[in-house]
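Asks: I am attaching a structure below and will ask some questions about it afterwards.
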Amino acid sequence: MMDTKQRKEIFTFIDATIIRCCDWLVGACSRKREYSSRRLTVGSAPTLKYPSNVICNQKYNIFTFIPLVLYEQFKFFLNLYFLVVAISQFIPEVRIGYLYTYWGPLGFVLVVTMIREALDDFRRYRRDKEANSQIYKKLTAVGIKNILSSDIRVGDLLFVEKNQRVPADMVLLRTADRSGSIFIRTDQLDGETDWKLRLAVPYTQALAADKELFALNASLFAEKPQKDIHSFIGTFSKTNEEGLQSEDPLSLQNALWASTVVASSSALGIVIYTGREMRSVMNTSQPKSKVGQLDLEINTLTKVLFTSVVALSILMMSIKGFTGPWYRYLVRFILLFSYIIPISLRVNLDMGKAAYSWMIQQDDEIPGTVVRSTTIPEELGRIVYLLTDKTGTLTQNEMVFKKIHLGTVSFASDTMDEVMTHVRDTYAVQTSSSSSSTPTQPAAITSRVKRTVVTRVHEAVKAIALCHNVTPVYEDVNAVGSGPEADQLVGAKCTYQASSPDEVALVTWTENIGLALVKRDQSSMQLTTPTGSCLSFSVLHIFPFTSESKRMGIIVKDETTDEIIFYLKGADVVMTSVVQYNDWLEEECGNMAREGLRTLVIAKKVLSEDQYKLFSNVHHQAQVSVENRAARVQAAVESLERDMQLLCITGVEDKLQADVRPTLEVLRNAAIKVWMLTGDKMETATCIAKSSQLVSRSQAIHTFRPISTRTDAHLELNMFRRRNDCALVISGESLEVCLKYYEHEFMELVCQCPAVVCCRCTPTQKADIVRLLRTHTGKPTCAIGDGGNDVSMIQAANAGIGIVGKEGKQASLAADFSITQFSFIARLLLVHGRNSYKRSASLSQFVMHRGLIITAMQVVFCSVFYFASIQLFPSFLMVGYATVYTMFPVFSLVLDVDVKPEIALTYPELYKELTKGRSLSFKTFFIWVLISIYQGSIIMYGALLLFDAEFIHVVAITFSALILTELLMVALTIRTWHWLMALAELFSLIIYLLSLLVLPDYFDREFITTWNFIWKVTVITLVSCLPLYIVKYLRKKFSPPSYQKLS
């Protein structure tokens, strides 16, 4: 036997072990996942362990499926309430009826939910299995072998063929194209439809064969995994035979992210991230489920009903007296009155939303519309603020070159032939000069010639043709790769690929002028002149456009003259400080912006050999640095961006979408306040706001001047406060200052504006504005956009709408609703939004009325029979009442229409009434409560007054009158009849009549076939319904709703 001390030590040890285990579990669950950078040796497996490449998007597994599904269901008050009621029926003392009458409906809802979730998860499993089972080629020291996608590991050398999905994040080492470049499609990653150029590591691309990778003494450094798909920092280190080590920088251009697709040639890369560390996986998150305002209002009403049940039960017990096992009677009363909250409410609403979504997608007037979230169609009927993007949403994102300004002269669409003539003459002179002189003479002659309009035009067009990131793509790839001569490509069918439609428009324009881009690779560019000659340039450096820098640059070397030129183009706000002093740049940019044109300022700078070498060394050191790489690279580039020669300003037009003007006018008449949030400059945004009639011609515009301090914000707000009924134009920077110091005052003023234009907005600012509107006003908001930069705004709004546009499908896929053009939003809101909201309001109130009337009858029954907690109707009839007897007529309300689509669009003012939320409010709810009490009392007291012989006759009379009353009330509620509504009414009536005959345990067959039964039921039904019909007729006659006056 153990003594007391030994037992105490054992128990202490057990307690300590349990505590340590609990602490470990808590720490494991709460520990944040840490990522680390890595250095990989090319051709060797890493020593550290990294995540597997198994794709798993399933929400559940065999152990978590049932617990998680049950939790998702019972976290809602309605379902939890019925679960508690159903569990209480296992206690004999408080049991009201049969268990199946409680567990049947609840079990049906849960089974349907589980089946739906299981099917969705099974589909995810099949998609995961398909992705994990894809076969790729892996390069090993002994040759090539096949490998499953799920078996890929960090450090593997993988081949990715043309049109094949990239299975893991990789660094591109080699391509089949000798230039070391390939194109990829990223539409599944970022939604952009344009092809992206990717470049192989120059050192590995130069190897004679793939197997030489295993003989290299090289390693690769990759930064720690992160979400940003638009940046990558790494280095490629190699050691030569003499032991000297060198490093090359790696950037986004060398990376292939998982879920992209190789669009040209084939690629060989080294895997750097797998599984959960891949960019695509880190950016994948389950979108938050949006809960509609109607659902929140119904949830509030449900809580009111529950409170009423408890209060009514306590009242009944107070009258009965708290004697004996009173708590048992109290619980029985609560259970008897529990029908006041029908479990079918959630089922009917969800089925109704599915029906509305199907109707939206089947509407031929808005083809291509997709409903991605079936939980909030009613939100479309109560929108107060509509926040829209500009480019691609209000405009077509179809760029057309319209104007070029050279300082002293400008050329528009009708004078472009003059530009063509100037360019042709320039190259004709140079060609004739080169045929009679040495190759260096034209440059010398040109330098001595006075800078006329001809030479200015030539330099501007040449700069536009060279300063870009556009690549010509030919259908016959073999023809392109067969020879380097540009004349081999002349006449071949060519399309331009670039990440920006602006650049494509500029290069297309230079082609039409006569200076065409025919070939482009990593290190060279070739142009053809109007005379047919070829101009060759070496590409020394490219500085891509970013949202922070707002400019793009390139350094090229003319292979004929060995001249090194730095070209730069960008927004006027950044280029003003870069170019030499001039007196026309700001004025002409403003003029073009007022015409609605997107402007670009183009400049150049000729570099000497020494200047270039110095810059190249500094730039290389910045590129290979691991810390603060972006800032150091930017500083190196900015050292060149000084005292540049201003060449020209270009103006590109972005055409308005079809029917934008009438659509915005309809929305304005519907009392929907439209805000335009764009990244464009203030002048362009203001011009589009006017041309699209976002701001009406009669409205004044208040332009918020740029501010940076609290004092400036205070003065500007005071000035704005004096303006009445004017549209506001404000920049993102000024907005941020106002919100920092005077958030409440600013929002109070700006919400009164009929229209707001916010320019120079970042994606984060767009989303913040949406959240501020929701917080300060409490009104439903809708956001619409077409690009990846609109996703945050779309997801932050009550209802998000994405347009399938030229910027890709990212906004469409992230939105709740997807449309193909902006003009469809009018029908979506004014017709389908109206119908969804009105129908759901009627449906929910009628389902609650169905529970209220049966509860009123139960209260009367209990009070008449000495407050006994006895059920009025058998449980079987109660199940039939909520299902086959009344379900179809009640659900047919989803087909009801109060206003025809033509009238709703012709008179958008009708929409304003919906935003007040009067269709479902405490007022309408209490009206239905009074109707239910009146009808329940009439049916019950009428039956008791006409009591005949046996209690079963009371059940037959009251239940029959109840069913007929419900059918008549549905008919009373319907505003526009549909043949399916009449069929539902007739079907339910026939089913009930058949039940009277086939259920002898509940209905006396001899009694129900007598005139005594018929006249009693008829009288009770008429007394319960006829007054309501009279009230409806009088109201329609003397105080009709506004929509009835129009119809």
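Chain labels run A, B, ... following the order of the structure tokens; each chain numbers its residues from 1, and ligands are numbered from 1 in the order shown.
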What residues in stretch 12-228 of chain A get the DSSP label strand (DSSP E or B)? Please answer as JSON, numbers by chain.

Replies: {"A": [38, 39, 40, 41, 135, 136, 137, 138, 139, 140, 143, 144, 145, 146, 147, 148, 157, 158, 159, 160, 165, 169, 170, 171, 172, 173, 174, 175, 181, 182, 183, 184, 185, 195, 196, 197, 198, 199, 218, 219, 220, 221, 222]}

Asks: Write the selection just made, keeping C-alpha atoms, as a short mmCIF file (atom, residue, chain, number, x, y, z; two decimals), in the first residue's frame?

Replies:
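Wrote again08.cif, looks like this:
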```
data_model
loop_
_atom_site.label_atom_id
_atom_site.label_comp_id
_atom_site.auth_asym_id
_atom_site.auth_seq_id
_atom_site.Cartn_x
_atom_site.Cartn_y
_atom_site.Cartn_z
CA ARG A 38 15.56 30.29 -47.61
CA ARG A 39 18.72 29.61 -49.57
CA LEU A 40 18.49 26.72 -52.02
CA THR A 41 21.33 25.00 -53.83
CA ILE A 135 1.50 15.08 -63.72
CA TYR A 136 4.59 17.22 -64.27
CA LYS A 137 8.12 16.50 -65.49
CA LYS A 138 10.90 16.73 -62.95
CA LEU A 139 14.54 17.10 -63.99
CA THR A 140 16.89 14.88 -61.99
CA GLY A 143 17.11 12.16 -66.37
CA ILE A 144 13.50 13.27 -66.52
CA LYS A 145 10.78 11.54 -64.51
CA ASN A 146 7.07 12.14 -64.01
CA ILE A 147 5.85 13.46 -60.67
CA LEU A 148 2.42 14.23 -59.23
CA LEU A 157 13.57 21.39 -60.95
CA LEU A 158 10.30 21.29 -62.89
CA PHE A 159 9.30 21.62 -66.52
CA VAL A 160 6.07 23.50 -67.24
CA ARG A 165 -0.74 25.40 -64.91
CA ASP A 169 5.90 29.10 -56.83
CA MET A 170 9.07 28.92 -58.91
CA VAL A 171 12.02 30.96 -60.13
CA LEU A 172 12.41 30.73 -63.89
CA LEU A 173 15.81 29.26 -64.84
CA ARG A 174 15.46 28.35 -68.51
CA THR A 175 12.97 28.68 -71.37
CA SER A 181 11.50 35.09 -72.08
CA ILE A 182 8.02 33.62 -71.84
CA PHE A 183 4.50 34.95 -71.39
CA ILE A 184 2.15 33.83 -68.64
CA ARG A 185 -1.57 34.29 -68.03
CA TRP A 195 -0.28 38.43 -70.68
CA LYS A 196 2.71 39.09 -68.45
CA LEU A 197 6.34 38.80 -69.54
CA ARG A 198 8.69 36.68 -67.43
CA LEU A 199 12.46 36.36 -67.84
CA ALA A 218 25.14 28.01 -57.57
CA SER A 219 22.54 28.86 -54.96
CA LEU A 220 19.38 30.89 -54.83
CA PHE A 221 18.11 33.13 -52.03
CA ALA A 222 14.36 33.73 -51.71
#
```

Asks: Which residues are close to stretch 81-96 of chain A, i.e. within 8 Å by only C-alpha atoms, leaving aside same-chain residues fewer than 4 positions away? Reply as a list in words.

Replies: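 Near neighbours after the sequence-gap exclusion: Phe74, Phe77, Tyr102, Trp103, Leu106, Arg328, Tyr329, Val331, Arg332, Leu335, Leu336, Ser338, Ile343, Ile870 and Gln871 of chain A.
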
Asks: Need the shell around A:Val954: protein/DNA/RNA residues with any atom at most 12 Å away, counting only C-alpha atoms. Skip same-chain ones fewer than 4 positions apart. Format as a VMD selection string?

Replies: chain A and resid 857 861 872 to 873 939 to 950 958 to 962 1002 to 1004 1007 to 1008 1013 1016 to 1017

Asks: How many Å separate atom CA of A:Ala841 from atom CA of A:Leu386?

Replies: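 Distance between the two atoms: 22.8 Å.
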
Asks: If you count only C-alpha atoms, which residues fall within 7 Å of A:Lys227, apart from same-chain ones fewer than 3 positions away, as number ranges by chain?

Replies: A: 279, 282-283

Asks: Save out the residues we just selected, N, CA, C and O atoms, as a JSON list (two decimals), in the first residue's frame.

Replies:
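Contents of the output file again-v3.json:
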```json
[["chain", "number", "residue", "atom", "x", "y", "z"],
["A", 279, "ARG", "N", 2.04, 32.00, -52.93],
["A", 279, "ARG", "CA", 1.34, 33.28, -52.98],
["A", 279, "ARG", "C", -0.16, 33.09, -53.17],
["A", 279, "ARG", "O", -0.97, 33.74, -52.51],
["A", 282, "MET", "N", -1.78, 31.89, -49.90],
["A", 282, "MET", "CA", -1.78, 32.91, -48.85],
["A", 282, "MET", "C", -2.80, 34.00, -49.14],
["A", 282, "MET", "O", -3.27, 34.67, -48.22],
["A", 283, "ASN", "N", -3.12, 34.20, -50.42],
["A", 283, "ASN", "CA", -4.13, 35.20, -50.78],
["A", 283, "ASN", "C", -5.53, 34.63, -50.86],
["A", 283, "ASN", "O", -6.47, 35.36, -51.16]]
```

Asks: Pick out the closest residue to A:Ile272 from this set: A:Gly833, A:Gly532, A:Gly321, A:Pro51. Count only C-alpha atoms.

Replies: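 Counting only C-alpha atoms, the residue closest to A:Ile272 is A:Pro51.
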
Asks: Rank A:Ile341, A:Val291, A:Ala168, A:Val756 by their smallest atom-to-atom distance to A:Ala258, using only C-alpha atoms, and report the top residue only.

Replies: A:Ala168

Asks: Counting only C-alpha atoms, which of A:Ala814, A:Ile233, A:Ala176, A:Leu664 gets nearest to A:Gln205?

Replies: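 Smallest separation from A:Gln205 among the options: A:Ala176.
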
Asks: Using only C-alpha atoms, which protein or nucleic acid residues come within 10 Å of stretch 919-933 of chain A? Drop anything in the same chain fewer than 6 positions from it, and give the result as a ChimeraX atom specification.

Replies: /A:294,297-298,300-301,837-842,844-846,848-857,859-860,913,939,1024-1025,1028

Asks: Could you write out the selected residues, including C-alpha atoms, as a PDB file, in the first residue's frame?

Replies:
```pdb
ATOM      1  CA  LEU A 294     -33.831  42.178 -43.745  1.00  0.00           C
ATOM      2  CA  GLU A 297     -34.699  42.845 -38.823  1.00  0.00           C
ATOM      3  CA  ILE A 298     -36.336  39.407 -38.858  1.00  0.00           C
ATOM      4  CA  THR A 300     -34.931  41.204 -34.037  1.00  0.00           C
ATOM      5  CA  LEU A 301     -38.625  40.409 -34.565  1.00  0.00           C
ATOM      6  CA  TYR A 837     -37.323  43.026 -50.947  1.00  0.00           C
ATOM      7  CA  LYS A 838     -41.120  43.332 -51.226  1.00  0.00           C
ATOM      8  CA  ARG A 839     -41.576  39.582 -51.677  1.00  0.00           C
ATOM      9  CA  SER A 840     -39.320  38.652 -48.751  1.00  0.00           C
ATOM     10  CA  ALA A 841     -41.065  41.192 -46.534  1.00  0.00           C
ATOM     11  CA  SER A 842     -44.498  39.735 -47.429  1.00  0.00           C
ATOM     12  CA  SER A 844     -41.637  36.582 -43.734  1.00  0.00           C
ATOM     13  CA  GLN A 845     -44.600  38.467 -42.253  1.00  0.00           C
ATOM     14  CA  PHE A 846     -47.056  35.911 -43.562  1.00  0.00           C
ATOM     15  CA  MET A 848     -45.009  34.776 -38.799  1.00  0.00           C
ATOM     16  CA  HIS A 849     -48.761  35.426 -39.139  1.00  0.00           C
ATOM     17  CA  ARG A 850     -49.226  31.700 -39.662  1.00  0.00           C
ATOM     18  CA  GLY A 851     -47.572  31.060 -36.288  1.00  0.00           C
ATOM     19  CA  LEU A 852     -49.226  33.985 -34.533  1.00  0.00           C
ATOM     20  CA  ILE A 853     -52.770  32.940 -35.432  1.00  0.00           C
ATOM     21  CA  ILE A 854     -52.284  29.386 -34.177  1.00  0.00           C
ATOM     22  CA  THR A 855     -50.771  30.758 -30.934  1.00  0.00           C
ATOM     23  CA  ALA A 856     -53.727  33.139 -30.476  1.00  0.00           C
ATOM     24  CA  MET A 857     -56.110  30.178 -30.836  1.00  0.00           C
ATOM     25  CA  VAL A 859     -54.201  31.067 -25.790  1.00  0.00           C
ATOM     26  CA  VAL A 860     -57.995  31.326 -26.124  1.00  0.00           C
ATOM     27  CA  GLU A 913     -40.034  54.536 -50.719  1.00  0.00           C
ATOM     28  CA  ILE A 939     -62.102  31.285 -35.157  1.00  0.00           C
ATOM     29  CA  SER A1024     -62.438  36.407 -39.819  1.00  0.00           C
ATOM     30  CA  CYS A1025     -61.613  37.524 -43.372  1.00  0.00           C
ATOM     31  CA  LEU A1028     -59.987  42.696 -43.763  1.00  0.00           C
TER      32      LEU A1028
END
```

Asks: What are the closest atom pairs, with distances in Å to one decimal, for all residues of stretch 574-684 of chain A lying within 9 Å of stretch 402-409 of chain A? Consider only C-alpha atoms, order rows by chain and residue number, and present the result as a tab-separated table.

Replies:
```
residue	atom	partner	partner_atom	distance
A:Asn582	CA	A:Gly407	CA	8.9
A:Asp583	CA	A:Gly407	CA	8.8
A:Trp584	CA	A:Gly407	CA	6.3
A:Leu585	CA	A:Gly407	CA	7.6
A:Glu588	CA	A:His405	CA	7.8
A:Met592	CA	A:Lys403	CA	8.4
A:Leu597	CA	A:Lys402	CA	7.9
A:Leu646	CA	A:Leu406	CA	8.7
A:Leu647	CA	A:Leu406	CA	6.4
A:Cys648	CA	A:Leu406	CA	4.6
A:Ile649	CA	A:His405	CA	5.1
A:Thr650	CA	A:Ile404	CA	4.5
A:Gly651	CA	A:Lys403	CA	4.8
A:Val652	CA	A:Lys402	CA	5.4
A:Glu653	CA	A:Lys402	CA	6.3
```

Asks: Have a look at A:Asp654, A:Val461, A:Lys673, A:Val624 and name the one nearest to A:Asp502; count only C-alpha atoms.

Replies: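 Checking each candidate against A:Asp502, we get A:Asp654 as the closest.
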
Asks: From a DSSP calculation on the backbone, collect every residue of stretch 387-633 of chain A in alpha helix (DSSP H) and output the set as a count of residues only.

Replies: 96

Asks: Considering only C-alpha atoms, state which residue in the set A:Leu70, A:Leu268, A:Met316, A:Leu48 is at the smallest distance from A:Asp156.

Replies: A:Leu268
